[in-house]
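Next up, structure.tsv (TSV, C-alpha atoms):
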```tsv
chain	number	residue	atom	x	y	z
A	1	MET	CA	0.00	0.00	0.00
A	2	ASN	CA	1.43	3.32	-0.97
A	3	ARG	CA	1.10	5.42	2.13
A	4	LYS	CA	2.77	8.31	0.44
A	5	ASN	CA	-0.61	8.93	-1.16
A	6	LEU	CA	-2.01	10.03	2.15
A	7	LEU	CA	-0.41	13.41	2.39
A	8	PRO	CA	-0.78	14.82	-1.13
A	9	THR	CA	-4.51	14.19	-0.88
A	10	LEU	CA	-4.63	15.93	2.43
A	11	ALA	CA	-2.49	18.80	1.26
A	12	ALA	CA	-4.70	19.32	-1.78
A	13	THR	CA	-7.81	19.22	0.34
A	14	VAL	CA	-6.66	21.87	2.74
A	15	ALA	CA	-4.43	23.93	0.48
A	16	LEU	CA	-6.78	26.89	0.89
A	17	VAL	CA	-6.72	26.97	4.66
A	18	ALA	CA	-5.97	30.51	5.70
A	19	PRO	CA	-2.54	31.10	7.23
A	20	LEU	CA	-4.30	32.70	10.18
A	21	ALA	CA	-6.15	29.48	10.79
A	22	LEU	CA	-2.88	27.60	10.93
A	23	ALA	CA	-1.33	30.18	13.19
A	24	LEU	CA	-4.19	29.93	15.63
A	25	THR	CA	-3.90	26.19	15.92
A	26	LEU	CA	-0.15	25.82	16.15
A	27	VAL	CA	-0.23	24.50	19.67
A	28	ALA	CA	-1.23	20.89	19.45
A	29	PRO	CA	-2.59	18.88	22.34
A	30	ALA	CA	-0.04	16.31	23.37
A	31	PHE	CA	-2.28	13.62	24.72
A	32	ALA	CA	-5.42	14.02	22.65
A	33	HIS	CA	-5.82	10.28	22.46
A	34	HIS	CA	-3.47	9.03	25.04
A	35	SER	CA	-3.19	8.32	28.62
A	36	ALA	CA	0.37	9.33	29.51
A	37	ALA	CA	0.65	6.16	31.58
A	38	GLN	CA	3.00	4.32	29.23
A	39	PHE	CA	5.48	7.14	28.75
A	40	ASN	CA	7.58	9.28	31.01
A	41	PHE	CA	7.12	12.87	29.90
A	42	GLN	CA	9.19	14.15	32.84
A	43	THR	CA	12.45	12.69	31.50
A	44	PRO	CA	12.61	13.50	27.77
A	45	LYS	CA	15.37	11.86	25.74
A	46	SER	CA	17.08	12.83	22.51
A	47	ILE	CA	17.57	10.09	19.90
A	48	ASP	CA	19.49	10.22	16.61
A	49	GLY	CA	18.55	7.80	13.87
A	50	VAL	CA	17.85	7.14	10.22
A	51	ILE	CA	14.25	6.93	9.07
A	52	LYS	CA	13.27	3.44	7.99
A	53	GLU	CA	9.53	4.00	7.85
A	54	VAL	CA	7.20	6.90	8.52
A	55	ARG	CA	3.43	6.68	8.50
A	56	MET	CA	1.49	9.89	9.02
A	57	ALA	CA	-1.91	8.94	10.37
A	58	ASN	CA	-4.62	9.61	12.91
A	59	PRO	CA	-4.80	9.18	15.81
A	60	HIS	CA	-0.99	8.78	15.90
A	61	MET	CA	1.94	8.89	13.55
A	62	ARG	CA	4.33	5.94	13.47
A	63	LEU	CA	8.03	6.31	12.97
A	64	VAL	CA	10.58	3.51	12.64
A	65	LEU	CA	14.18	4.66	13.11
A	66	THR	CA	17.40	2.73	12.68
A	67	VAL	CA	19.29	3.67	15.81
A	68	THR	CA	22.85	2.93	16.80
A	69	ASP	CA	23.91	3.31	20.43
A	70	GLN	CA	25.87	1.39	23.05
A	71	LYS	CA	23.35	-1.48	22.75
A	72	GLY	CA	24.10	-1.85	19.04
A	73	THR	CA	22.19	-1.06	15.84
A	74	ARG	CA	18.47	-1.86	15.61
A	75	ASP	CA	15.14	-0.60	14.29
A	76	ILE	CA	12.98	1.06	16.92
A	77	GLU	CA	9.32	1.98	16.53
A	78	TYR	CA	7.99	5.23	17.97
A	79	GLU	CA	4.61	6.88	17.95
A	80	GLY	CA	3.73	10.55	18.07
A	81	HIS	CA	1.12	13.22	17.52
A	82	SER	CA	-1.68	12.80	15.00
A	83	LEU	CA	-1.34	13.61	11.32
A	84	ASN	CA	-3.74	16.54	11.80
A	85	ASN	CA	-1.82	18.06	14.70
A	86	LEU	CA	1.51	17.69	12.90
A	87	TYR	CA	0.02	19.16	9.72
A	88	ARG	CA	-1.04	22.23	11.69
A	89	GLN	CA	2.49	22.53	13.04
A	90	GLY	CA	3.79	22.74	9.48
A	91	TRP	CA	4.62	19.12	8.73
A	92	ARG	CA	4.26	18.28	5.01
A	93	GLN	CA	4.82	15.21	2.90
A	94	ASP	CA	8.31	16.34	1.89
A	95	SER	CA	9.35	17.29	5.42
A	96	VAL	CA	11.14	13.97	5.89
A	97	LYS	CA	11.73	10.85	3.81
A	98	VAL	CA	13.01	7.33	4.28
A	99	GLY	CA	16.81	7.43	4.67
A	100	ASP	CA	16.92	10.89	6.30
A	101	LYS	CA	19.00	11.31	9.42
A	102	ILE	CA	16.90	13.01	12.10
A	103	THR	CA	16.91	13.77	15.79
A	104	ILE	CA	13.79	13.17	17.84
A	105	ASN	CA	12.89	14.13	21.38
A	106	ILE	CA	10.87	11.42	23.01
A	107	ALA	CA	9.10	10.63	26.22
A	108	PRO	CA	10.66	7.21	26.83
A	109	ARG	CA	8.65	4.15	27.78
A	110	LYS	CA	8.31	3.72	31.52
A	111	ASP	CA	9.21	0.05	31.32
A	112	GLY	CA	12.65	0.95	29.95
A	113	ALA	CA	12.15	-0.85	26.64
A	114	ASP	CA	13.07	0.76	23.31
A	115	GLY	CA	10.50	3.18	21.90
A	116	GLY	CA	8.53	6.12	23.20
A	117	TYR	CA	6.27	9.02	22.31
A	118	VAL	CA	7.78	11.54	19.89
A	119	VAL	CA	7.35	15.08	21.17
A	120	LYS	CA	9.67	16.83	18.71
A	121	VAL	CA	11.30	16.03	15.38
A	122	LYS	CA	14.39	17.91	14.15
A	123	THR	CA	15.32	17.33	10.53
A	124	ALA	CA	18.88	17.36	9.18
A	125	ASP	CA	18.30	20.85	7.76
A	126	GLY	CA	17.17	22.17	11.13
A	127	LYS	CA	13.38	22.20	10.74
A	128	GLU	CA	11.48	21.36	13.91
A	129	PHE	CA	8.01	19.92	14.37
B	1	MET	CA	-77.42	36.51	-4.81
B	2	GLN	CA	-77.02	34.29	-1.79
B	3	SER	CA	-74.52	32.25	-3.70
B	4	SER	CA	-72.57	35.40	-4.50
B	5	LYS	CA	-72.50	36.44	-0.80
B	6	LEU	CA	-71.30	32.97	0.12
B	7	SER	CA	-68.53	33.13	-2.45
B	8	THR	CA	-67.43	36.52	-1.14
B	9	ALA	CA	-67.40	35.21	2.44
B	10	VAL	CA	-65.39	32.14	1.45
B	11	ALA	CA	-62.93	34.30	-0.46
B	12	ALA	CA	-62.57	36.65	2.54
B	13	VAL	CA	-61.93	33.75	4.93
B	14	ALA	CA	-59.38	32.29	2.50
B	15	ALA	CA	-57.64	35.65	2.16
B	16	LEU	CA	-57.54	36.12	5.95
B	17	SER	CA	-56.16	32.60	6.40
B	18	ALA	CA	-53.50	33.25	3.79
B	19	LEU	CA	-52.62	36.52	5.51
B	20	ALA	CA	-52.39	34.78	8.88
B	21	VAL	CA	-50.10	32.10	7.44
B	22	THR	CA	-47.95	34.75	5.74
B	23	MET	CA	-47.72	36.77	8.96
B	24	ALA	CA	-46.86	33.71	11.02
B	25	SER	CA	-44.29	32.70	8.45
B	26	SER	CA	-42.74	36.15	8.24
B	27	THR	CA	-42.69	36.39	12.04
B	28	ALA	CA	-40.85	33.06	12.14
B	29	SER	CA	-38.44	34.24	9.43
B	30	ALA	CA	-37.84	37.48	11.29
B	31	ALA	CA	-37.15	35.52	14.48
B	32	ASP	CA	-34.82	33.18	12.59
B	33	ALA	CA	-33.03	36.13	11.02
B	34	ALA	CA	-32.54	37.72	14.42
B	35	ARG	CA	-30.95	34.59	15.90
B	36	PRO	CA	-27.19	34.58	16.33
B	37	ASP	CA	-25.55	32.44	13.68
B	38	PHE	CA	-23.22	29.88	15.24
B	39	SER	CA	-22.13	28.58	11.82
B	40	GLY	CA	-18.39	28.34	11.34
B	41	VAL	CA	-15.30	26.63	12.66
B	42	TRP	CA	-14.51	26.86	16.37
B	43	THR	CA	-11.35	25.88	18.17
B	44	TRP	CA	-10.13	25.71	21.75
B	45	ASN	CA	-9.93	29.06	23.46
B	46	ARG	CA	-6.50	28.45	24.90
B	47	ASP	CA	-6.12	31.97	26.23
B	48	ASN	CA	-8.84	31.29	28.76
B	49	GLY	CA	-7.84	27.84	29.79
B	50	GLY	CA	-4.23	27.14	28.92
B	51	PRO	CA	-2.98	24.46	26.62
B	52	GLY	CA	-3.67	20.76	26.49
B	53	ARG	CA	-5.87	18.88	28.85
B	54	ALA	CA	-5.70	21.59	31.49
B	55	ASP	CA	-8.47	23.14	29.43
B	56	MET	CA	-10.83	20.28	30.19
B	57	ALA	CA	-13.69	21.92	31.97
B	58	TRP	CA	-15.04	18.85	33.77
B	59	PRO	CA	-14.53	19.00	37.56
B	60	LYS	CA	-11.61	16.92	38.85
B	61	ASP	CA	-13.56	15.49	41.75
B	62	PRO	CA	-17.21	15.13	40.66
B	63	PRO	CA	-19.81	13.95	43.24
B	64	PHE	CA	-19.85	10.25	42.33
B	65	THR	CA	-22.32	7.79	43.74
B	66	ALA	CA	-20.77	4.54	44.97
B	67	GLU	CA	-21.93	2.84	41.76
B	68	GLY	CA	-20.46	5.51	39.48
B	69	LYS	CA	-17.16	5.51	41.35
B	70	ALA	CA	-16.87	1.72	41.24
B	71	LYS	CA	-17.61	1.49	37.52
B	72	VAL	CA	-15.07	4.18	36.63
B	73	ALA	CA	-12.44	2.60	38.90
B	74	GLU	CA	-12.98	-0.80	37.28
B	75	TYR	CA	-12.55	0.70	33.79
B	76	ARG	CA	-9.45	2.67	34.70
B	77	ALA	CA	-7.76	-0.31	36.30
B	78	LEU	CA	-8.26	-2.15	33.01
B	79	VAL	CA	-6.91	0.44	30.60
B	80	GLU	CA	-4.51	2.74	32.43
B	81	PRO	CA	-1.56	0.35	32.86
B	82	GLN	CA	-1.31	0.10	29.06
B	83	GLY	CA	-2.42	3.63	28.22
B	84	ILE	CA	-5.38	2.39	26.18
B	85	THR	CA	-8.04	4.94	25.22
B	86	PRO	CA	-11.14	4.86	23.01
B	87	GLY	CA	-9.51	7.51	20.78
B	88	GLY	CA	-6.57	5.18	20.20
B	89	ALA	CA	-9.13	2.65	18.95
B	90	CYS	CA	-10.68	5.32	16.67
B	91	VAL	CA	-13.82	5.66	18.78
B	92	GLY	CA	-15.27	9.16	19.19
B	93	TYR	CA	-15.38	11.04	22.48
B	94	GLY	CA	-19.14	11.07	23.05
B	95	MET	CA	-21.09	13.62	25.04
B	96	PRO	CA	-20.20	15.58	27.02
B	97	ALA	CA	-16.47	15.02	26.27
B	98	SER	CA	-17.00	16.03	22.63
B	99	MET	CA	-18.39	19.46	23.55
B	100	LEU	CA	-15.93	19.87	26.41
B	101	GLY	CA	-12.91	19.63	24.17
B	102	SER	CA	-12.88	16.83	21.61
B	103	GLY	CA	-9.20	16.22	22.25
B	104	GLY	CA	-8.22	19.76	21.30
B	105	TYR	CA	-9.37	19.45	17.69
B	106	PRO	CA	-11.69	22.06	16.15
B	107	MET	CA	-15.39	21.67	15.40
B	108	GLU	CA	-17.68	23.04	12.69
B	109	TRP	CA	-21.25	24.27	13.23
B	110	ILE	CA	-23.76	24.37	10.37
B	111	GLN	CA	-26.93	26.20	11.35
B	112	ARG	CA	-30.34	25.88	9.75
B	113	PRO	CA	-33.50	27.11	11.44
B	114	GLU	CA	-34.70	23.57	12.13
B	115	GLN	CA	-31.36	21.85	12.75
B	116	ILE	CA	-27.84	22.60	13.84
B	117	THR	CA	-25.20	20.09	12.81
B	118	VAL	CA	-21.97	19.98	14.80
B	119	ILE	CA	-19.03	18.16	13.21
B	120	TYR	CA	-16.05	17.50	15.43
B	121	GLU	CA	-12.84	17.01	13.45
B	122	ALA	CA	-11.63	14.21	15.73
B	123	HIS	CA	-13.11	10.94	14.52
B	124	ASN	CA	-15.54	12.86	12.29
B	125	GLU	CA	-17.92	12.82	15.26
B	126	VAL	CA	-21.29	14.40	14.40
B	127	ARG	CA	-24.09	15.79	16.55
B	128	ARG	CA	-27.44	16.88	15.17
B	129	ILE	CA	-29.45	19.31	17.28
B	130	TYR	CA	-33.12	19.34	16.28
B	131	ILE	CA	-34.55	22.81	16.86
B	132	ASP	CA	-38.20	23.04	17.97
B	133	GLN	CA	-38.87	19.62	16.49
B	134	PRO	CA	-41.41	17.12	17.83
B	135	ARG	CA	-39.76	14.71	20.24
B	136	PRO	CA	-40.14	11.01	19.63
B	137	ASP	CA	-40.92	8.68	22.51
B	138	PRO	CA	-37.53	8.17	24.24
B	139	LYS	CA	-37.87	4.40	23.76
B	140	ASP	CA	-37.82	5.00	19.99
B	141	LEU	CA	-34.40	6.69	20.15
B	142	VAL	CA	-31.23	4.73	19.42
B	143	PRO	CA	-28.82	5.13	22.36
B	144	SER	CA	-25.41	6.39	21.27
B	145	ARG	CA	-22.21	8.00	22.57
B	146	ASP	CA	-23.42	11.50	21.65
B	147	GLY	CA	-27.10	10.86	22.36
B	148	THR	CA	-29.95	12.67	20.64
B	149	SER	CA	-30.14	16.44	21.05
B	150	PHE	CA	-33.18	18.72	21.00
B	151	GLY	CA	-32.74	22.49	20.90
B	152	ARG	CA	-34.77	25.63	21.42
B	153	TRP	CA	-33.98	29.32	21.50
B	154	ASP	CA	-34.26	31.29	24.72
B	155	GLY	CA	-33.67	34.77	23.33
B	156	ASN	CA	-30.13	34.67	21.94
B	157	THR	CA	-29.24	31.57	23.93
B	158	LEU	CA	-29.45	28.14	22.33
B	159	VAL	CA	-30.66	25.60	24.89
B	160	VAL	CA	-29.89	21.98	24.02
B	161	GLU	CA	-31.12	18.92	25.86
B	162	THR	CA	-29.39	15.63	25.15
B	163	ILE	CA	-30.80	12.21	26.05
B	164	ALA	CA	-30.52	8.62	24.75
B	165	LEU	CA	-26.88	8.40	25.83
B	166	LYS	CA	-25.07	5.12	26.28
B	167	GLU	CA	-23.27	4.46	29.54
B	168	ALA	CA	-19.78	5.92	29.18
B	169	VAL	CA	-17.09	5.03	31.69
B	170	ASP	CA	-14.42	5.67	29.05
B	171	GLN	CA	-14.39	9.46	29.19
B	172	SER	CA	-13.30	11.92	31.90
B	173	SER	CA	-16.92	13.02	32.14
B	174	ALA	CA	-18.24	9.50	32.78
B	175	HIS	CA	-21.98	8.90	33.03
B	176	SER	CA	-24.68	6.25	32.93
B	177	ASP	CA	-27.33	5.69	30.28
B	178	LYS	CA	-29.77	7.63	32.49
B	179	ALA	CA	-27.78	10.85	32.05
B	180	LYS	CA	-29.39	13.99	30.69
B	181	ILE	CA	-27.29	16.93	29.56
B	182	VAL	CA	-28.52	20.50	29.17
B	183	GLU	CA	-26.23	22.93	27.37
B	184	ARG	CA	-26.76	26.68	27.03
B	185	TYR	CA	-24.77	28.23	24.18
B	186	GLN	CA	-24.08	31.94	23.84
B	187	MET	CA	-21.92	33.92	21.47
B	188	GLY	CA	-19.69	36.62	22.85
B	189	LYS	CA	-16.29	38.25	22.52
B	190	ASP	CA	-13.11	37.73	24.47
B	191	ASP	CA	-10.89	40.49	25.82
B	192	LYS	CA	-9.11	40.64	22.45
B	193	GLY	CA	-12.40	41.21	20.63
B	194	ARG	CA	-12.47	37.72	19.11
B	195	LYS	CA	-15.74	35.83	18.66
B	196	THR	CA	-16.36	33.16	21.27
B	197	LEU	CA	-18.93	30.44	21.80
B	198	THR	CA	-19.55	29.59	25.44
B	199	ALA	CA	-21.28	26.41	26.48
B	200	GLU	CA	-22.60	26.13	30.02
B	201	MET	CA	-23.47	22.54	30.70
B	202	VAL	CA	-25.31	20.68	33.45
B	203	LEU	CA	-25.29	16.89	33.50
B	204	THR	CA	-27.92	15.18	35.64
B	205	ASP	CA	-27.38	11.50	36.31
B	206	PRO	CA	-28.80	9.96	39.50
B	207	VAL	CA	-27.00	6.66	38.81
B	208	PHE	CA	-23.45	8.10	38.65
B	209	TYR	CA	-23.71	11.39	40.59
B	210	THR	CA	-25.32	12.50	43.84
B	211	LYS	CA	-26.05	15.95	42.38
B	212	PRO	CA	-25.97	17.67	38.95
B	213	VAL	CA	-22.48	18.34	37.59
B	214	SER	CA	-21.77	21.66	35.86
B	215	ALA	CA	-19.03	22.66	33.46
B	216	THR	CA	-18.32	25.63	31.20
B	217	LYS	CA	-16.38	25.44	27.96
B	218	LYS	CA	-15.32	28.36	25.78
B	219	TRP	CA	-14.58	27.94	22.10
B	220	LEU	CA	-12.89	30.53	19.89
B	221	ALA	CA	-13.92	31.30	16.30
B	222	LEU	CA	-11.34	30.09	13.80
B	223	GLU	CA	-12.07	32.69	11.13
B	224	GLY	CA	-11.59	31.21	7.67
B	225	GLY	CA	-10.62	27.90	9.24
B	226	ARG	CA	-11.45	24.46	7.88
B	227	LEU	CA	-11.58	21.05	9.40
B	228	LEU	CA	-9.02	18.52	8.19
B	229	PRO	CA	-9.97	15.00	7.10
B	230	TYR	CA	-9.69	12.43	9.88
B	231	GLU	CA	-9.49	8.87	8.59
B	232	CYS	CA	-8.56	7.09	11.77
B	233	THR	CA	-9.04	3.47	10.72
B	234	GLU	CA	-7.23	3.83	7.38
B	235	PRO	CA	-3.91	2.40	8.65
B	236	GLN	CA	-5.70	-0.78	9.77
B	237	TRP	CA	-7.22	-1.11	6.29
B	238	GLU	CA	-3.81	-0.53	4.69
B	239	ASP	CA	-2.25	-3.17	6.94
B	240	GLN	CA	-5.00	-5.60	5.95
B	241	LEU	CA	-4.34	-4.95	2.25
B	242	ASP	CA	-0.58	-5.31	2.77
B	243	LYS	CA	-1.18	-8.68	4.44
B	244	LEU	CA	-3.42	-9.83	1.59
B	245	ARG	CA	-0.80	-8.80	-0.98
B	246	THR	CA	1.98	-10.57	0.89
B	247	GLU	CA	-0.14	-13.73	1.15
B	248	ALA	CA	-1.10	-13.55	-2.54
B	249	LYS	CA	2.55	-13.14	-3.52
B	250	ALA	CA	3.58	-16.09	-1.33
B	251	ALA	CA	0.84	-18.29	-2.82
B	252	LYS	CA	2.13	-17.64	-6.35
B	253	LYS	CA	5.64	-18.86	-5.51
B	254	PRO	CA	6.31	-22.47	-6.52
```
Structure re-expressed in structure tokens:
Amino acid sequence: MNRKNLLPTLAATVALVAPLALALTLVAPAFAHHSAAQFNFQTPKSIDGVIKEVRMANPHMRLVLTVTDQKGTRDIEYEGHSLNNLYRQGWRQDSVKVGDKITINIAPRKDGADGGYVVKVKTADGKEF
Amino acid sequence: MQSSKLSTAVAAVAALSALAVTMASSTASAADAARPDFSGVWTWNRDNGGPGRADMAWPKDPPFTAEGKAKVAEYRALVEPQGITPGGACVGYGMPASMLGSGGYPMEWIQRPEQITVIYEAHNEVRRIYIDQPRPDPKDLVPSRDGTSFGRWDGNTLVVETIALKEAVDQSSAHSDKAKIVERYQMGKDDKGRKTLTAEMVLTDPVFYTKPVSATKKWLALEGGRLLPYECTEPQWEDQLDKLRTEAKAAKKP
């Protein structure tokens, strides 16, 4: 299934949204669909990795990063804000692509396992979402 | 001659009736025209409540009955360890959580004299408020998460009564299926001169609460704003198709 089709459709649909409308909704709710129980938002962590898969969707985006750290190299799955919230923060289809090196800020899982809730994405060219 | 008088009388009665209907109709139109128009896109008024869930207007410690408290505790013990929520399963908020915030997503109001339709962006949740419409027997209503809403105008205030709700332990504003919600909507302006929609709500539910629970929610007009599409279950469908393709490919291999 070509998930890349998701965003162009969306972008075309809302291309006429007034900039003011976007400006007014820039602040996205962090836990619109989540209990924070799984994640520790008090101890955010920064992770560097290479994008293996990104799926922009509601109610949550899914991001798989290839991460190398002292535990070795592996693919780790993260989830984050909804497509709609990220769109309002300026995220577009071409914001990131598979193979990009990015830095994410996450609320790590409370059980200490790999993964977490993405609260910020910083692209290689310095854009932040 | 008599026949002529009769015809004249009939014509006069008909004319008077037509006039009465026209007057009634124009009075109704004038009243409709004078109503505030709530149509448009509304978003969270963060200035008056702060960001995120802090803006949830529902009281933190509502006056639960023992039954209400036990049911909510049982639900929370089930879902909280894993962080499971109905939204994560693509299920809408339901009343009154939809009108109290809908997860921070905007909503759109479409107003006609006889019906107001409220579309919440999150989960494409829809409420229809029937204005001055005959009410069916409650047993003929289909219980649902948002219930069935009947509205009337009290001056410039829209009063909405919602019944036929399903029991909902899976929202902050939990309630039983005996709950009744009355909302009073008014348009106003905030201190920056921006258009606001304020909902004052009272939920009465003798099964879950020892007394009525009140909450106030302010929404802010998102001038020129539009709702975004919200296809929550699409990834599951895509995964299903992916699985079918993988299986089909595997079956073709010798």
Residue list for chain B near chain A as an MDAnalysis selection string, 9 Å, all atoms listed in the file: chainID B and resid 43:44 51:53 79:90 102:106 122:123 222:235 238:239 241:242 245
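The gap separating atom CA of B:Lys218 from atom CA of B:Thr196 is 6.7 Å, in Å to one decimal.
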Selection near B:Ser176, 12 Å with all atoms listed in the file, sequence-local residues under 4 positions removed, as an MDAnalysis selection string: chainID B and resid 64:65 67:69 71:72 95:96 143:145 147 163:171 180:181 203:209
Same residues, C-alpha atoms, saved as a PDB file, keeping the file's coordinate frame:
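Everything below was put into part.pdb:
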```
ATOM      1  CA  PHE B  64     -19.850  10.250  42.330  1.00  0.00           C
ATOM      2  CA  THR B  65     -22.320   7.790  43.740  1.00  0.00           C
ATOM      3  CA  GLU B  67     -21.930   2.840  41.760  1.00  0.00           C
ATOM      4  CA  GLY B  68     -20.460   5.510  39.480  1.00  0.00           C
ATOM      5  CA  LYS B  69     -17.160   5.510  41.350  1.00  0.00           C
ATOM      6  CA  LYS B  71     -17.610   1.490  37.520  1.00  0.00           C
ATOM      7  CA  VAL B  72     -15.070   4.180  36.630  1.00  0.00           C
ATOM      8  CA  MET B  95     -21.090  13.620  25.040  1.00  0.00           C
ATOM      9  CA  PRO B  96     -20.200  15.580  27.020  1.00  0.00           C
ATOM     10  CA  PRO B 143     -28.820   5.130  22.360  1.00  0.00           C
ATOM     11  CA  SER B 144     -25.410   6.390  21.270  1.00  0.00           C
ATOM     12  CA  ARG B 145     -22.210   8.000  22.570  1.00  0.00           C
ATOM     13  CA  GLY B 147     -27.100  10.860  22.360  1.00  0.00           C
ATOM     14  CA  ILE B 163     -30.800  12.210  26.050  1.00  0.00           C
ATOM     15  CA  ALA B 164     -30.520   8.620  24.750  1.00  0.00           C
ATOM     16  CA  LEU B 165     -26.880   8.400  25.830  1.00  0.00           C
ATOM     17  CA  LYS B 166     -25.070   5.120  26.280  1.00  0.00           C
ATOM     18  CA  GLU B 167     -23.270   4.460  29.540  1.00  0.00           C
ATOM     19  CA  ALA B 168     -19.780   5.920  29.180  1.00  0.00           C
ATOM     20  CA  VAL B 169     -17.090   5.030  31.690  1.00  0.00           C
ATOM     21  CA  ASP B 170     -14.420   5.670  29.050  1.00  0.00           C
ATOM     22  CA  GLN B 171     -14.390   9.460  29.190  1.00  0.00           C
ATOM     23  CA  LYS B 180     -29.390  13.990  30.690  1.00  0.00           C
ATOM     24  CA  ILE B 181     -27.290  16.930  29.560  1.00  0.00           C
ATOM     25  CA  LEU B 203     -25.290  16.890  33.500  1.00  0.00           C
ATOM     26  CA  THR B 204     -27.920  15.180  35.640  1.00  0.00           C
ATOM     27  CA  ASP B 205     -27.380  11.500  36.310  1.00  0.00           C
ATOM     28  CA  PRO B 206     -28.800   9.960  39.500  1.00  0.00           C
ATOM     29  CA  VAL B 207     -27.000   6.660  38.810  1.00  0.00           C
ATOM     30  CA  PHE B 208     -23.450   8.100  38.650  1.00  0.00           C
ATOM     31  CA  TYR B 209     -23.710  11.390  40.590  1.00  0.00           C
TER      32      TYR B 209
END
```
Long-range neighbours of stretch 113-118 of chain B as a PDB file with C-alpha atoms, keeping the file's coordinate frame, 10 Å cut-off, only C-alpha atoms, 6 positions minimum in chain:
```
ATOM      1  CA  ALA B  28     -40.850  33.060  12.140  1.00  0.00           C
ATOM      2  CA  SER B  29     -38.440  34.240   9.430  1.00  0.00           C
ATOM      3  CA  ALA B  31     -37.150  35.520  14.480  1.00  0.00           C
ATOM      4  CA  ASP B  32     -34.820  33.180  12.590  1.00  0.00           C
ATOM      5  CA  ALA B  33     -33.030  36.130  11.020  1.00  0.00           C
ATOM      6  CA  ARG B  35     -30.950  34.590  15.900  1.00  0.00           C
ATOM      7  CA  ASP B  37     -25.550  32.440  13.680  1.00  0.00           C
ATOM      8  CA  PHE B  38     -23.220  29.880  15.240  1.00  0.00           C
ATOM      9  CA  SER B  39     -22.130  28.580  11.820  1.00  0.00           C
ATOM     10  CA  GLY B  40     -18.390  28.340  11.340  1.00  0.00           C
ATOM     11  CA  VAL B  41     -15.300  26.630  12.660  1.00  0.00           C
ATOM     12  CA  MET B  99     -18.390  19.460  23.550  1.00  0.00           C
ATOM     13  CA  MET B 107     -15.390  21.670  15.400  1.00  0.00           C
ATOM     14  CA  ASN B 124     -15.540  12.860  12.290  1.00  0.00           C
ATOM     15  CA  GLU B 125     -17.920  12.820  15.260  1.00  0.00           C
ATOM     16  CA  VAL B 126     -21.290  14.400  14.400  1.00  0.00           C
ATOM     17  CA  ARG B 127     -24.090  15.790  16.550  1.00  0.00           C
ATOM     18  CA  ARG B 128     -27.440  16.880  15.170  1.00  0.00           C
ATOM     19  CA  ILE B 129     -29.450  19.310  17.280  1.00  0.00           C
ATOM     20  CA  TYR B 130     -33.120  19.340  16.280  1.00  0.00           C
ATOM     21  CA  ILE B 131     -34.550  22.810  16.860  1.00  0.00           C
ATOM     22  CA  ASP B 132     -38.200  23.040  17.970  1.00  0.00           C
ATOM     23  CA  GLN B 133     -38.870  19.620  16.490  1.00  0.00           C
ATOM     24  CA  SER B 149     -30.140  16.440  21.050  1.00  0.00           C
ATOM     25  CA  PHE B 150     -33.180  18.720  21.000  1.00  0.00           C
ATOM     26  CA  GLY B 151     -32.740  22.490  20.900  1.00  0.00           C
ATOM     27  CA  ARG B 152     -34.770  25.630  21.420  1.00  0.00           C
TER      28      ARG B 152
END
```
Gap from atom CA of A:Thr66 to atom CA of A:Asn40 - Å, one decimal: 21.8 Å
A:Gly126 surroundings by only C-alpha atoms, 12 Å radius, close-in-sequence under 4 positions cut, as a count of residues only: 9
Distance of atom CA of B:Gln236 from atom CA of A:Asn105, expressed in Å to one decimal place: 26.5 Å
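Among the candidates A:Pro44, A:Gly116, A:Glu128, A:Val50, the one nearest to A:Gly90 when counting only C-alpha atoms is A:Glu128.
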Polymer residues at most 10 Å from A:Asp69, only C-alpha atoms, same-chain spacing of 4 or more positions, as JSON, numbers by chain: {"A": [47, 48, 49, 73, 74]}
Nearest to B:Ser172 by atom-to-atom distance, counting only C-alpha atoms, from B:Ala66, B:Leu78, B:Ser98, B:Gly188: B:Ser98
Test item: residues at most 8 Å from A:Val54, all atoms listed in the file, excluding those fewer than 3 positions along its chain, as a PyMOL selection string: chain A and resi 51+61-64+97-98
